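What follows is structure-v7.csv (CSV, N, CA, C and O atoms).
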```csv
chain,number,residue,atom,x,y,z
A,1,PRO,N,-12.3,-20.2,50.5
A,1,PRO,CA,-11.0,-20.2,51.1
A,1,PRO,C,-10.3,-18.8,51.1
A,1,PRO,O,-9.7,-18.4,52.0
A,2,SER,N,-10.5,-18.1,49.9
A,2,SER,CA,-9.9,-16.8,49.8
A,2,SER,C,-10.5,-15.8,50.8
A,2,SER,O,-9.8,-14.9,51.3
A,3,GLN,N,-11.8,-15.9,51.0
A,3,GLN,CA,-12.5,-15.1,52.0
A,3,GLN,C,-12.0,-15.3,53.4
A,3,GLN,O,-11.9,-14.4,54.2
A,4,ILE,N,-11.7,-16.5,53.7
A,4,ILE,CA,-11.2,-16.9,55.0
A,4,ILE,C,-9.8,-16.3,55.2
A,4,ILE,O,-9.5,-15.7,56.3
A,5,ALA,N,-9.0,-16.4,54.2
A,5,ALA,CA,-7.6,-15.8,54.3
A,5,ALA,C,-7.7,-14.3,54.4
A,5,ALA,O,-7.0,-13.7,55.2
A,6,MET,N,-8.6,-13.7,53.6
A,6,MET,CA,-8.8,-12.2,53.7
A,6,MET,C,-9.3,-11.8,55.1
A,6,MET,O,-8.8,-10.8,55.7
A,7,ARG,N,-10.2,-12.5,55.6
A,7,ARG,CA,-10.8,-12.2,57.0
A,7,ARG,C,-9.7,-12.4,58.0
A,7,ARG,O,-9.6,-11.6,58.9
A,8,ASP,N,-8.8,-13.4,57.9
A,8,ASP,CA,-7.7,-13.6,58.8
A,8,ASP,C,-6.7,-12.5,58.7
A,8,ASP,O,-6.2,-12.0,59.8
A,9,GLU,N,-6.4,-12.0,57.5
A,9,GLU,CA,-5.5,-10.9,57.3
A,9,GLU,C,-6.1,-9.6,58.0
A,9,GLU,O,-5.4,-8.8,58.6
A,10,ILE,N,-7.4,-9.4,57.8
A,10,ILE,CA,-8.0,-8.2,58.4
A,10,ILE,C,-8.0,-8.3,59.9
A,10,ILE,O,-7.7,-7.3,60.5
A,11,ALA,N,-8.2,-9.5,60.4
A,11,ALA,CA,-8.1,-9.6,61.9
A,11,ALA,C,-6.7,-9.3,62.4
A,11,ALA,O,-6.5,-8.6,63.4
A,12,VAL,N,-5.7,-9.7,61.7
A,12,VAL,CA,-4.3,-9.4,62.1
A,12,VAL,C,-4.1,-7.9,62.0
A,12,VAL,O,-3.5,-7.3,62.9
A,13,GLN,N,-4.5,-7.3,61.0
A,13,GLN,CA,-4.3,-5.8,60.8
A,13,GLN,C,-5.1,-5.1,61.9
A,13,GLN,O,-4.7,-4.1,62.4
A,14,LEU,N,-6.3,-5.6,62.2
A,14,LEU,CA,-7.1,-4.9,63.2
A,14,LEU,C,-6.4,-5.0,64.6
A,14,LEU,O,-6.4,-4.1,65.4
A,15,ASP,N,-5.8,-6.2,64.9
A,15,ASP,CA,-5.1,-6.4,66.1
A,15,ASP,C,-3.9,-5.4,66.2
A,15,ASP,O,-3.7,-4.7,67.2
A,16,LYS,N,-3.2,-5.2,65.1
A,16,LYS,CA,-2.1,-4.3,65.0
A,16,LYS,C,-2.6,-2.8,65.2
A,16,LYS,O,-1.9,-2.0,65.9
A,17,ALA,N,-3.7,-2.5,64.6
A,17,ALA,CA,-4.3,-1.2,64.8
A,17,ALA,C,-4.6,-0.9,66.2
A,17,ALA,O,-4.3,0.2,66.7
A,18,ILE,N,-5.3,-1.8,66.9
A,18,ILE,CA,-5.6,-1.7,68.3
A,18,ILE,C,-4.4,-1.6,69.1
A,18,ILE,O,-4.3,-0.7,70.0
A,19,ASP,N,-3.4,-2.4,68.8
A,19,ASP,CA,-2.2,-2.3,69.6
A,19,ASP,C,-1.4,-1.0,69.4
A,19,ASP,O,-0.7,-0.6,70.3
A,20,SER,N,-1.7,-0.3,68.3
A,20,SER,CA,-1.0,1.0,68.1
A,20,SER,C,-1.6,2.1,68.9
A,20,SER,O,-1.1,3.2,68.9
A,21,MET,N,-2.8,1.9,69.4
A,21,MET,CA,-3.5,2.9,70.2
A,21,MET,C,-2.9,3.1,71.5
A,21,MET,O,-2.2,2.2,72.1
A,22,GLU,N,-3.1,4.3,72.1
A,22,GLU,CA,-2.7,4.5,73.5
A,22,GLU,C,-3.3,3.6,74.4
A,22,GLU,O,-4.5,3.2,74.3
A,23,PRO,N,-2.6,3.1,75.4
A,23,PRO,CA,-3.1,2.2,76.4
A,23,PRO,C,-4.4,2.7,77.1
A,23,PRO,O,-5.4,1.9,77.2
A,24,ILE,N,-4.5,3.9,77.4
A,24,ILE,CA,-5.8,4.5,78.0
A,24,ILE,C,-6.9,4.3,77.0
A,24,ILE,O,-8.1,4.0,77.5
A,25,ASP,N,-6.7,4.6,75.7
A,25,ASP,CA,-7.8,4.4,74.7
A,25,ASP,C,-8.2,3.0,74.7
A,25,ASP,O,-9.4,2.7,74.7
A,26,ARG,N,-7.3,2.0,74.7
A,26,ARG,CA,-7.7,0.6,74.6
A,26,ARG,C,-8.4,0.3,75.9
A,26,ARG,O,-9.4,-0.5,75.8
A,27,GLU,N,-8.0,0.8,77.0
A,27,GLU,CA,-8.7,0.4,78.3
A,27,GLU,C,-10.1,1.0,78.3
A,27,GLU,O,-11.0,0.2,78.7
A,28,VAL,N,-10.3,2.2,77.9
A,28,VAL,CA,-11.6,2.8,77.9
A,28,VAL,C,-12.5,2.0,77.0
A,28,VAL,O,-13.7,1.7,77.3
A,29,LEU,N,-12.0,1.7,75.8
A,29,LEU,CA,-12.9,0.9,74.8
A,29,LEU,C,-13.2,-0.5,75.4
A,29,LEU,O,-14.3,-0.9,75.2
A,30,ALA,N,-12.2,-1.1,76.0
A,30,ALA,CA,-12.4,-2.4,76.5
A,30,ALA,C,-13.4,-2.4,77.7
A,30,ALA,O,-14.4,-3.2,77.7
A,31,LEU,N,-13.3,-1.4,78.5
A,31,LEU,CA,-14.3,-1.3,79.7
A,31,LEU,C,-15.7,-1.1,79.2
A,31,LEU,O,-16.6,-1.6,79.7
A,32,ARG,N,-15.8,-0.2,78.2
A,32,ARG,CA,-17.1,0.1,77.7
A,32,ARG,C,-17.7,-1.0,76.9
A,32,ARG,O,-18.9,-1.3,77.0
A,33,HIS,N,-16.9,-1.6,76.0
A,33,HIS,CA,-17.5,-2.6,75.0
A,33,HIS,C,-17.4,-4.0,75.5
A,33,HIS,O,-18.4,-4.8,75.2
A,34,PHE,N,-16.4,-4.4,76.2
A,34,PHE,CA,-16.3,-5.8,76.6
A,34,PHE,C,-16.8,-6.0,78.0
A,34,PHE,O,-17.5,-7.0,78.3
A,35,GLU,N,-16.5,-5.1,78.9
A,35,GLU,CA,-17.1,-5.2,80.2
A,35,GLU,C,-18.5,-4.6,80.3
A,35,GLU,O,-19.1,-4.7,81.4
A,36,GLU,N,-18.9,-3.8,79.3
A,36,GLU,CA,-20.2,-3.2,79.2
A,36,GLU,C,-20.4,-2.2,80.4
A,36,GLU,O,-21.5,-2.2,81.0
A,37,LEU,N,-19.4,-1.5,80.8
A,37,LEU,CA,-19.5,-0.5,81.9
A,37,LEU,C,-20.0,0.8,81.3
A,37,LEU,O,-19.9,1.1,80.2
A,38,THR,N,-20.7,1.6,82.2
A,38,THR,CA,-21.1,2.9,81.8
A,38,THR,C,-20.0,3.9,81.9
A,38,THR,O,-18.9,3.5,82.5
A,39,ASN,N,-20.1,5.1,81.5
A,39,ASN,CA,-19.1,6.1,81.6
A,39,ASN,C,-18.8,6.3,83.1
A,39,ASN,O,-17.6,6.5,83.5
A,40,SER,N,-19.8,6.3,83.9
A,40,SER,CA,-19.6,6.5,85.4
A,40,SER,C,-18.8,5.4,86.0
A,40,SER,O,-17.9,5.7,86.8
A,41,GLU,N,-19.1,4.2,85.6
A,41,GLU,CA,-18.3,3.1,86.1
A,41,GLU,C,-16.9,3.1,85.5
A,41,GLU,O,-15.9,2.8,86.3
A,42,VAL,N,-16.7,3.4,84.3
A,42,VAL,CA,-15.3,3.6,83.7
A,42,VAL,C,-14.5,4.6,84.5
A,42,VAL,O,-13.4,4.4,84.8
A,43,ALA,N,-15.2,5.7,84.8
A,43,ALA,CA,-14.5,6.8,85.5
A,43,ALA,C,-14.1,6.3,86.9
A,43,ALA,O,-13.0,6.6,87.3
A,44,GLU,N,-14.9,5.5,87.5
A,44,GLU,CA,-14.6,5.0,88.9
A,44,GLU,C,-13.4,4.1,88.8
A,44,GLU,O,-12.5,4.1,89.6
A,45,VAL,N,-13.4,3.2,87.8
A,45,VAL,CA,-12.3,2.2,87.6
A,45,VAL,C,-11.0,2.9,87.3
A,45,VAL,O,-10.0,2.5,87.9
A,46,LEU,N,-11.1,3.9,86.5
A,46,LEU,CA,-9.8,4.6,86.1
A,46,LEU,C,-9.4,5.7,87.1
A,46,LEU,O,-8.4,6.3,86.9
A,47,GLY,N,-10.3,6.1,88.0
A,47,GLY,CA,-10.0,7.1,89.0
A,47,GLY,C,-10.0,8.5,88.3
A,47,GLY,O,-9.2,9.3,88.7
A,48,ILE,N,-10.9,8.7,87.4
A,48,ILE,CA,-11.0,10.0,86.7
A,48,ILE,C,-12.5,10.5,86.8
A,48,ILE,O,-13.4,9.7,87.3
A,49,GLN,N,-12.7,11.7,86.5
A,49,GLN,CA,-14.0,12.3,86.5
A,49,GLN,C,-14.9,11.7,85.4
A,49,GLN,O,-14.4,11.2,84.4
A,50,GLN,N,-16.2,11.7,85.6
A,50,GLN,CA,-17.1,11.1,84.6
A,50,GLN,C,-17.0,11.8,83.3
A,50,GLN,O,-17.0,11.1,82.3
A,51,LYS,N,-16.9,13.1,83.3
A,51,LYS,CA,-16.8,13.9,82.1
A,51,LYS,C,-15.6,13.5,81.3
A,51,LYS,O,-15.6,13.3,80.1
A,52,ALA,N,-14.5,13.3,82.1
A,52,ALA,CA,-13.2,12.9,81.4
A,52,ALA,C,-13.3,11.5,80.8
A,52,ALA,O,-12.8,11.3,79.7
A,53,ALA,N,-14.0,10.6,81.5
A,53,ALA,CA,-14.2,9.3,80.9
A,53,ALA,C,-15.0,9.4,79.6
A,53,ALA,O,-14.7,8.7,78.7
A,54,SER,N,-16.1,10.2,79.6
A,54,SER,CA,-16.9,10.3,78.4
A,54,SER,C,-16.1,10.9,77.3
A,54,SER,O,-16.2,10.4,76.1
A,55,ILE,N,-15.3,11.9,77.6
A,55,ILE,CA,-14.5,12.5,76.5
A,55,ILE,C,-13.4,11.6,76.0
A,55,ILE,O,-13.3,11.4,74.8
A,56,ARG,N,-12.8,10.8,76.9
A,56,ARG,CA,-11.8,9.8,76.5
A,56,ARG,C,-12.4,8.8,75.6
A,56,ARG,O,-11.9,8.3,74.6
A,57,TYR,N,-13.7,8.3,76.0
A,57,TYR,CA,-14.3,7.3,75.2
A,57,TYR,C,-14.6,7.8,73.8
A,57,TYR,O,-14.3,7.1,72.8
A,58,VAL,N,-15.2,9.0,73.7
A,58,VAL,CA,-15.5,9.5,72.3
A,58,VAL,C,-14.2,9.7,71.5
A,58,VAL,O,-14.2,9.3,70.3
A,59,ARG,N,-13.2,10.2,72.1
A,59,ARG,CA,-11.9,10.4,71.4
A,59,ARG,C,-11.3,9.0,71.0
A,59,ARG,O,-10.8,8.9,69.8
A,60,ALA,N,-11.4,8.1,71.9
A,60,ALA,CA,-10.8,6.7,71.6
A,60,ALA,C,-11.6,6.1,70.4
A,60,ALA,O,-11.0,5.4,69.5
A,61,LEU,N,-12.9,6.2,70.5
A,61,LEU,CA,-13.8,5.6,69.4
A,61,LEU,C,-13.4,6.3,68.1
A,61,LEU,O,-13.4,5.6,67.1
A,62,LYS,N,-13.3,7.6,68.1
A,62,LYS,CA,-12.9,8.3,66.9
A,62,LYS,C,-11.6,7.8,66.3
A,62,LYS,O,-11.4,7.6,65.1
A,63,ARG,N,-10.6,7.7,67.2
A,63,ARG,CA,-9.3,7.2,66.8
A,63,ARG,C,-9.3,5.8,66.2
A,63,ARG,O,-8.7,5.5,65.2
A,64,LEU,N,-10.1,4.9,66.9
A,64,LEU,CA,-10.2,3.6,66.4
A,64,LEU,C,-10.9,3.6,65.0
A,64,LEU,O,-10.5,2.9,64.1
A,65,LYS,N,-11.9,4.4,64.8
A,65,LYS,CA,-12.6,4.4,63.6
A,65,LYS,C,-11.6,4.9,62.5
A,65,LYS,O,-11.6,4.3,61.4
A,66,GLU,N,-10.8,5.9,62.8
A,66,GLU,CA,-9.9,6.4,61.8
A,66,GLU,C,-8.9,5.3,61.4
A,66,GLU,O,-8.6,5.1,60.2
A,67,VAL,N,-8.4,4.6,62.4
A,67,VAL,CA,-7.4,3.5,62.1
A,67,VAL,C,-8.0,2.4,61.3
A,67,VAL,O,-7.5,1.9,60.3
A,68,VAL,N,-9.2,1.9,61.7
A,68,VAL,CA,-9.9,0.8,61.1
A,68,VAL,C,-10.3,1.1,59.7
A,68,VAL,O,-10.3,0.3,58.8
A,69,ASN,N,-10.8,2.3,59.4
A,69,ASN,CA,-11.2,2.7,58.1
A,69,ASN,C,-10.1,2.7,57.1
A,69,ASN,O,-10.4,2.7,55.9
A,70,LYS,N,-8.9,2.7,57.5
A,70,LYS,CA,-7.7,2.6,56.6
A,70,LYS,C,-7.4,1.2,56.2
A,70,LYS,O,-6.7,0.9,55.3
A,71,LEU,N,-8.0,0.2,56.9
A,71,LEU,CA,-7.8,-1.2,56.6
A,71,LEU,C,-8.6,-1.6,55.4
A,71,LEU,O,-9.7,-1.1,55.2
A,72,PRO,N,-8.0,-2.4,54.6
A,72,PRO,CA,-8.8,-2.9,53.4
A,72,PRO,C,-10.0,-3.7,53.9
A,72,PRO,O,-9.9,-4.5,54.8
A,73,GLY,N,-11.1,-3.5,53.3
A,73,GLY,CA,-12.3,-4.2,53.6
A,73,GLY,C,-13.3,-3.5,54.6
A,73,GLY,O,-14.3,-4.0,54.9
A,74,PHE,N,-12.8,-2.4,55.1
A,74,PHE,CA,-13.6,-1.6,56.0
A,74,PHE,C,-13.9,-0.2,55.3
A,74,PHE,O,-13.2,0.3,54.6
A,75,ASN,N,-15.1,0.3,55.7
A,75,ASN,CA,-15.4,1.7,55.3
A,75,ASN,C,-16.4,2.3,56.3
A,75,ASN,O,-16.9,1.6,57.2
A,76,ASP,N,-16.7,3.5,56.2
A,76,ASP,CA,-17.6,4.2,57.2
A,76,ASP,C,-19.0,3.6,57.2
A,76,ASP,O,-19.6,3.6,58.3
A,77,ASP,N,-19.5,3.0,56.2
A,77,ASP,CA,-20.8,2.4,56.1
A,77,ASP,C,-20.9,1.1,56.9
A,77,ASP,O,-21.9,0.7,57.4
A,78,LYS,N,-19.7,0.4,57.1
A,78,LYS,CA,-19.7,-0.9,57.8
A,78,LYS,C,-19.4,-0.9,59.2
A,78,LYS,O,-19.6,-1.8,59.9
A,79,LEU,N,-18.8,0.2,59.7
A,79,LEU,CA,-18.2,0.2,61.0
A,79,LEU,C,-18.6,1.4,61.8
A,79,LEU,O,-18.5,2.5,61.3
A,80,LEU,N,-18.8,1.2,63.0
A,80,LEU,CA,-19.0,2.3,64.0
A,80,LEU,C,-20.0,3.3,63.5
A,80,LEU,O,-20.2,4.4,63.6
```
Let's see the structure in the file written out as structure tokens.
Amino acid sequence: PSQIAMRDEIAVQLDKAIDSMEPIDREVLALRHFEELTNSEVAEVLGIQQKAASIRYVRALKRLKEVVNKLPGFNDDKLL
């Protein structure tokens, strides 16, 4: 039961962390990870150059990692 409560709390904190990100970062990550689009496809969807999409993705992933690693129960070895 305590592990379930801890997992639920981490999920809430993760949602807050993602919500704190810039909308473009969330969009790029969602397109890449949930829609499983390539950088080229992301660029087309967002109307930006492929290189810009790649750079945005790397930066967004880095920001997410920084935010998530501050959450209790996460560390560099477990995520990203």
Going by DSSP on the backbone, which bits of chain A are helix (DSSP H, G or I)? Write them as number ranges by chain, please. A: 2-19, 23-33, 39-46, 50-68
Can you pull out the residues contacting stretch 8-22 of chain A? Cut-off 10 Å, using only C-alpha atoms, and skip same-chain residues under 2 positions away; I want them as an MDAnalysis selection string. chainID A and resid 2:6 24:27 60 63:64 66:68 70:74
As a check of understanding: the span from atom C of A:Arg59 to atom N of A:Pro23 is 11.4 Å
Please, what distance in Å, to one decimal, runs between atom O of A:Asn39 and atom N of A:Ser54?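 Taking atom O of A:Asn39 and atom N of A:Ser54, their separation equals 5.6 Å.
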So how many Å separate atom C of A:Lys51 and atom O of A:Asn69, to one decimal? 28.1 Å
Using all atoms listed in the file, which of A:Arg7, A:His33, A:Ala43, A:Val28 sits nearest A:Arg56?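 Using all atoms listed in the file, A:Arg56 sits closest to A:Val28.
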